[in-house]
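Trainee: So here's input-v2.csv, just CSV, C-alpha atoms:
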```csv
chain,number,residue,atom,x,y,z
A,1,PRO,CA,-30.0,10.6,-24.5
A,2,GLU,CA,-27.4,8.1,-23.3
A,3,ASP,CA,-27.4,9.8,-19.8
A,4,THR,CA,-31.2,9.6,-19.8
A,5,VAL,CA,-31.3,5.9,-20.7
A,6,ALA,CA,-28.6,5.2,-18.0
A,7,LEU,CA,-30.6,7.0,-15.4
A,8,GLU,CA,-33.8,5.2,-16.3
A,9,ALA,CA,-32.0,1.9,-16.2
A,10,CYS,CA,-30.6,2.7,-12.7
A,11,GLU,CA,-34.1,3.8,-11.5
A,12,PHE,CA,-35.3,0.3,-12.3
A,13,TRP,CA,-33.0,-1.2,-9.7
A,14,LEU,CA,-34.0,1.4,-7.2
A,15,ALA,CA,-37.7,0.7,-7.8
A,16,PHE,CA,-37.1,-3.0,-7.6
A,17,SER,CA,-35.3,-2.9,-4.3
A,18,ALA,CA,-38.2,-0.8,-2.8
A,19,LEU,CA,-40.8,-3.5,-3.6
A,20,ASP,CA,-42.4,-5.2,-0.5
A,21,GLU,CA,-42.8,-8.9,0.0
A,22,GLU,CA,-46.2,-9.0,-1.7
A,23,GLN,CA,-44.9,-7.3,-4.8
A,24,CYS,CA,-41.6,-9.1,-5.0
A,25,SER,CA,-41.7,-12.9,-5.0
A,26,HIS,CA,-38.8,-15.1,-3.9
A,27,GLU,CA,-38.1,-16.0,-7.6
A,28,MET,CA,-37.9,-12.3,-8.5
A,29,ALA,CA,-35.5,-11.6,-5.6
A,30,GLU,CA,-33.4,-14.6,-6.6
A,31,CYS,CA,-33.1,-13.4,-10.2
A,32,LEU,CA,-31.6,-10.1,-9.0
A,33,ARG,CA,-29.4,-11.8,-6.4
A,34,VAL,CA,-27.4,-13.6,-9.0
A,35,LEU,CA,-26.9,-10.4,-10.9
A,36,LEU,CA,-25.4,-8.5,-8.0
A,37,PRO,CA,-21.7,-9.3,-8.9
A,38,ARG,CA,-22.4,-7.6,-12.3
A,39,LEU,CA,-24.7,-4.8,-11.0
A,40,VAL,CA,-22.7,-3.5,-8.0
A,41,PRO,CA,-19.6,-2.4,-10.0
A,42,VAL,CA,-21.9,-0.7,-12.5
A,43,LEU,CA,-23.6,1.3,-9.7
A,44,LEU,CA,-20.2,2.2,-8.3
A,45,GLU,CA,-19.1,3.4,-11.7
A,46,GLY,CA,-22.3,5.5,-11.9
A,47,MET,CA,-21.3,7.4,-8.7
A,48,VAL,CA,-18.2,8.8,-10.3
A,49,TYR,CA,-18.7,12.4,-11.7
A,50,GLY,CA,-18.4,12.5,-15.5
A,51,SER,CA,-15.7,14.5,-17.1
A,52,GLU,CA,-17.9,17.4,-18.0
A,53,LYS,CA,-19.2,17.7,-14.4
A,54,VAL,CA,-15.7,17.5,-13.1
A,55,LEU,CA,-14.7,20.5,-15.2
A,56,GLU,CA,-17.8,22.3,-13.9
A,57,LEU,CA,-17.1,21.5,-10.3
A,58,LEU,CA,-13.4,22.6,-10.6
A,59,GLU,CA,-14.6,25.9,-12.1
A,60,GLU,CA,-17.0,26.4,-9.2
A,61,ASN,CA,-14.2,25.5,-6.7
A,62,GLN,CA,-12.1,28.3,-8.2
A,63,LEU,CA,-15.0,30.8,-7.9
A,64,ASP,CA,-15.7,29.8,-4.3
A,65,GLU,CA,-12.0,30.2,-3.5
A,66,SER,CA,-11.9,33.6,-5.0
A,67,ASP,CA,-15.2,34.6,-3.3
A,68,ALA,CA,-13.6,33.6,0.1
A,69,ASN,CA,-11.1,36.4,-0.4
A,70,ASP,CA,-13.9,39.1,-0.7
A,71,ARG,CA,-15.2,41.1,2.2
A,72,ALA,CA,-18.2,39.4,3.8
A,73,GLN,CA,-20.4,42.5,3.2
A,74,ASP,CA,-19.5,42.4,-0.5
A,75,VAL,CA,-20.5,38.8,-1.1
A,76,ALA,CA,-24.1,38.1,-2.1
A,77,PRO,CA,-26.0,35.4,-0.1
A,78,ILE,CA,-25.9,33.1,-3.2
A,79,PHE,CA,-22.2,32.5,-2.7
A,80,HIS,CA,-22.7,31.4,0.9
A,81,LYS,CA,-25.3,28.9,-0.3
A,82,ARG,CA,-23.0,27.6,-3.0
A,83,ALA,CA,-20.2,27.2,-0.4
A,84,ARG,CA,-22.3,24.9,1.7
A,85,ASP,CA,-21.9,21.2,1.8
A,86,ARG,CA,-22.8,20.1,-1.7
A,87,HIS,CA,-23.5,16.6,-0.4
A,88,THR,CA,-25.8,17.5,2.4
A,89,ASP,CA,-28.3,15.0,1.1
A,90,ASP,CA,-26.7,13.3,-1.8
A,91,TYR,CA,-29.6,11.0,-2.6
A,92,ALA,CA,-31.9,10.4,0.4
A,93,ASP,CA,-35.6,11.4,-0.4
A,94,GLN,CA,-34.6,12.6,-3.9
A,95,GLN,CA,-37.1,11.8,-6.5
A,96,PRO,CA,-37.5,13.0,-10.2
A,97,ARG,CA,-39.1,16.4,-10.1
A,98,SER,CA,-42.4,16.6,-11.9
A,99,SER,CA,-44.4,19.3,-10.0
A,100,THR,CA,-44.6,22.8,-11.3
A,101,PRO,CA,-43.9,25.8,-9.1
A,102,ASP,CA,-46.6,28.1,-7.7
A,103,ASP,CA,-46.9,31.6,-9.0
A,104,GLU,CA,-45.4,33.1,-5.9
A,105,ASP,CA,-42.3,30.9,-6.3
A,106,LEU,CA,-41.7,32.5,-9.7
A,107,ASP,CA,-40.9,35.7,-7.9
A,108,ASP,CA,-37.8,34.3,-6.2
A,109,SER,CA,-34.4,35.1,-7.5
A,110,ASP,CA,-33.4,33.2,-10.6
A,111,ASP,CA,-29.9,32.7,-9.3
A,112,ASP,CA,-31.3,31.1,-6.1
A,113,SER,CA,-33.6,28.9,-8.1
A,114,ASP,CA,-30.8,27.7,-10.3
A,115,ASP,CA,-28.7,26.8,-7.3
A,116,GLU,CA,-31.5,24.9,-5.6
A,117,GLU,CA,-32.2,23.0,-8.8
A,118,GLU,CA,-28.6,22.1,-9.1
A,119,LEU,CA,-28.5,20.8,-5.6
A,120,ASN,CA,-31.7,18.8,-5.9
A,121,GLU,CA,-31.1,17.5,-9.5
A,122,TRP,CA,-32.0,13.9,-9.7
A,123,ASN,CA,-29.2,12.2,-11.7
A,124,ARG,CA,-27.4,8.9,-12.2
A,125,ARG,CA,-24.9,9.5,-9.4
A,126,LYS,CA,-27.6,10.0,-6.8
A,127,CYS,CA,-29.7,7.2,-8.2
A,128,SER,CA,-26.7,4.8,-8.2
A,129,ALA,CA,-26.0,5.6,-4.5
A,130,ALA,CA,-29.6,5.2,-3.5
A,131,SER,CA,-29.9,1.9,-5.4
A,132,LEU,CA,-26.7,0.6,-3.7
A,133,ASP,CA,-28.1,1.7,-0.3
A,134,CYS,CA,-31.4,-0.1,-0.9
A,135,LEU,CA,-29.8,-3.2,-2.3
A,136,ALA,CA,-27.5,-3.5,0.7
A,137,ALA,CA,-30.4,-3.2,3.0
A,138,LEU,CA,-32.4,-5.8,1.0
A,139,TYR,CA,-29.8,-8.5,0.5
A,140,GLY,CA,-27.4,-7.7,3.3
A,141,PRO,CA,-23.6,-7.8,3.5
A,142,ALA,CA,-23.2,-11.5,2.6
A,143,GLU,CA,-24.4,-10.7,-0.9
A,144,VAL,CA,-23.1,-7.2,-1.5
A,145,LEU,CA,-19.7,-7.0,0.2
A,146,PRO,CA,-17.8,-9.8,-1.6
A,147,THR,CA,-18.2,-7.9,-4.8
A,148,LEU,CA,-18.0,-4.3,-3.4
A,149,LEU,CA,-15.1,-4.6,-1.0
A,150,PRO,CA,-12.3,-5.1,-3.6
A,151,HIS,CA,-13.6,-2.1,-5.6
A,152,LEU,CA,-13.7,0.0,-2.4
A,153,GLN,CA,-10.3,-1.1,-1.3
A,154,ALA,CA,-8.8,0.0,-4.6
A,155,GLY,CA,-11.0,3.1,-4.9
A,156,LEU,CA,-10.4,4.6,-1.5
A,157,ILE,CA,-6.6,4.9,-2.1
A,158,HIS,CA,-6.9,5.7,-5.8
A,159,ASP,CA,-4.8,8.5,-7.2
A,160,ASP,CA,-7.8,9.9,-9.0
A,161,LEU,CA,-9.5,12.0,-6.4
A,162,TRP,CA,-12.9,11.7,-8.1
A,163,ILE,CA,-12.8,7.9,-8.0
A,164,ARG,CA,-11.8,8.2,-4.3
A,165,GLU,CA,-14.7,10.5,-3.7
A,166,ALA,CA,-17.2,8.1,-5.3
A,167,SER,CA,-15.8,5.2,-3.3
A,168,ILE,CA,-16.3,7.2,-0.1
A,169,LEU,CA,-19.9,7.9,-1.2
A,170,ALA,CA,-20.4,4.1,-1.8
A,171,LEU,CA,-19.0,3.4,1.7
A,172,GLY,CA,-21.5,5.8,3.2
A,173,ALA,CA,-24.3,4.4,1.1
A,174,ILE,CA,-24.0,0.9,2.5
A,175,ALA,CA,-23.9,2.1,6.1
A,176,ASP,CA,-27.4,1.0,7.0
A,177,GLY,CA,-27.3,-2.4,5.3
A,178,CYS,CA,-23.8,-3.4,6.1
A,179,ARG,CA,-22.9,-1.5,9.3
A,180,THR,CA,-22.2,-4.6,11.4
A,181,ASP,CA,-19.7,-6.1,8.9
A,182,ILE,CA,-18.1,-2.8,8.1
A,183,SER,CA,-17.7,-2.0,11.8
A,184,SER,CA,-14.8,-4.5,11.9
A,185,HIS,CA,-12.9,-2.3,9.5
A,186,MET,CA,-13.8,1.0,11.1
A,187,ARG,CA,-10.7,1.3,13.2
A,188,GLN,CA,-8.8,1.7,9.9
A,189,LEU,CA,-11.6,3.5,7.9
A,190,HIS,CA,-12.4,6.1,10.6
A,191,PRO,CA,-8.9,7.7,10.8
A,192,PHE,CA,-8.7,7.5,7.0
A,193,LEU,CA,-12.0,9.4,6.6
A,194,LEU,CA,-10.8,12.0,9.1
A,195,THR,CA,-7.7,12.6,7.0
A,196,GLN,CA,-10.0,13.3,4.0
A,197,LEU,CA,-11.5,16.2,5.8
A,198,SER,CA,-8.3,18.1,5.1
A,199,ALA,CA,-8.1,17.2,1.4
A,200,GLU,CA,-7.6,20.0,-1.0
A,201,LEU,CA,-10.7,19.0,-3.1
A,202,PRO,CA,-13.9,20.4,-1.5
A,203,GLN,CA,-16.0,17.6,-2.8
A,204,LEU,CA,-13.8,15.1,-1.2
A,205,ARG,CA,-14.0,16.9,2.2
A,206,SER,CA,-17.7,17.1,1.9
A,207,ILE,CA,-18.4,13.4,1.1
A,208,ALA,CA,-16.0,12.3,3.8
A,209,CYS,CA,-18.0,14.4,6.3
A,210,TRP,CA,-21.2,12.9,5.1
A,211,THR,CA,-19.9,9.3,5.3
A,212,LEU,CA,-18.5,9.9,8.8
A,213,SER,CA,-22.0,11.0,9.9
A,214,ARG,CA,-23.4,7.7,8.5
A,215,TYR,CA,-21.1,5.8,10.8
A,216,ALA,CA,-21.8,7.9,13.9
A,217,PRO,CA,-23.4,5.0,15.7
A,218,TRP,CA,-20.0,3.2,15.6
A,219,VAL,CA,-18.3,6.2,17.1
A,220,ALA,CA,-20.9,6.3,19.9
A,221,GLU,CA,-20.4,2.6,20.6
A,222,GLN,CA,-16.7,3.1,21.1
A,223,THR,CA,-17.3,5.8,23.7
A,224,ARG,CA,-20.0,3.9,25.7
A,225,GLY,CA,-18.9,3.5,29.3
A,226,ASP,CA,-15.4,4.9,28.7
A,227,PRO,CA,-15.2,8.6,29.4
A,228,GLY,CA,-11.5,8.6,28.6
A,229,ASN,CA,-12.0,7.1,25.2
A,230,ALA,CA,-15.0,9.4,24.6
A,231,ALA,CA,-12.7,12.4,25.2
A,232,VAL,CA,-10.0,11.1,22.8
A,233,LEU,CA,-12.5,10.4,20.0
A,234,SER,CA,-14.3,13.7,20.5
A,235,ARG,CA,-11.0,15.6,20.3
A,236,THR,CA,-9.9,13.6,17.2
A,237,VAL,CA,-13.2,14.2,15.4
A,238,THR,CA,-13.3,17.9,16.3
A,239,GLU,CA,-9.7,18.4,15.1
A,240,GLY,CA,-10.6,16.6,11.9
A,241,PHE,CA,-13.4,19.1,11.2
A,242,LEU,CA,-11.3,22.2,12.0
```
Represent the structure from my file as structure tokens, please.

Mentor:
Amino acid sequence: PEDTVALEACEFWLAFSALDEEQCSHEMAECLRVLLPRLVPVLLEGMVYGSEKVLELLEENQLDESDANDRAQDVAPIFHKRARDRHTDDYADQQPRSSTPDDEDLDDSDDDSDDEEELNEWNRRKCSAASLDCLAALYGPAEVLPTLLPHLQAGLIHDDLWIREASILALGAIADGCRTDISSHMRQLHPFLLTQLSAELPQLRSIACWTLSRYAPWVAEQTRGDPGNAAVLSRTVTEGFL
């Protein structure tokens, strides 16, 4: 029940930030603006996997690692799906699922359906990231970054890998709304994100990959008109993914 209430409360902020100018008056927007210093840390906290989910993910990591040692022809397709990037679409276009499946869908494999439901599950983590994304786009870096940056600076180097993972997710979430201001930090952040691609924790590698993709325009900007720099960056990024 507490998780359900937390999710519904988080969905309020996501719905609010999606209102257009006709639906959201200046007074309403101002009321939320003054709450941002309190709201942003709560959203960031909501992106951290809970203890039960962490145990579940660690168990899945062990299974995936053991599956990797099997012969390819002995491994069912389900394991290949599970080994895919779990953060391919962490929150974009995710909405609470209310539709019922067609009869023909019921004939699909139960295991495949369970995996798809897990990947597409709408939860507090995804809603928190989506809310931060929308709020950053709505209010801009001047309102969001003063509160968020100190938490990111601490979280990105945190010894707890799950806090670090959530901080990298938050960094990716603000890419659209705060890209210009974050760009001034990318010469330090980009190499850091590349190092996370070789982290032992699969979820950390996955979210680092996703966040790097969110800042791909910055990488492209660095290579514009400079073939030599393009070759260096291309080689660095390629080595990071290998």

Trainee: Out of A:Leu35, A:Leu171, A:Met47, A:Cys24, which residue has the shortest atom-to-atom distance to A:Lys126 when counting all atoms listed in the file?

Mentor: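 The shortest atom-to-atom distance to A:Lys126 comes from A:Met47.
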
Trainee: For A:Val48, which of A:Ala199, A:Leu189, A:Ala166, A:Ala129 is the closest residue, counting only C-alpha atoms?

Mentor: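 Closest candidate: A:Ala166.
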
Trainee: Measuring between all atoms listed in the file, which one of A:Trp210, A:Tyr215, A:Trp122, A:Tyr49 shows the shortest distance to A:Gly177?

Mentor: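 Smallest separation from A:Gly177 among the options: A:Tyr215.
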
Trainee: With a distance cut-off of 9 Å and only C-alpha atoms, select the neighbouring residues of A:Asp133, excluding the residue or stretch itself and same-chain residues fewer than 6 positions from it, and output the selection as JSON, numbers by chain.

Mentor: {"A": [170, 172, 173, 174, 175, 176, 177]}

Trainee: Find the residues near A:Cys134: any atom within 10 Å, counting only C-alpha atoms, skip ones fewer than 2 places away on the same chain, and give them as a ChimeraX atom specification.

Mentor: /A:13-18,128-132,136-140,173-174,176-177

Trainee: Could you check which of A:Arg124, A:Leu43, A:Leu156, A:Leu148 is closest to A:Val5, using only C-alpha atoms?

Mentor: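 Nearest to A:Val5: A:Arg124.
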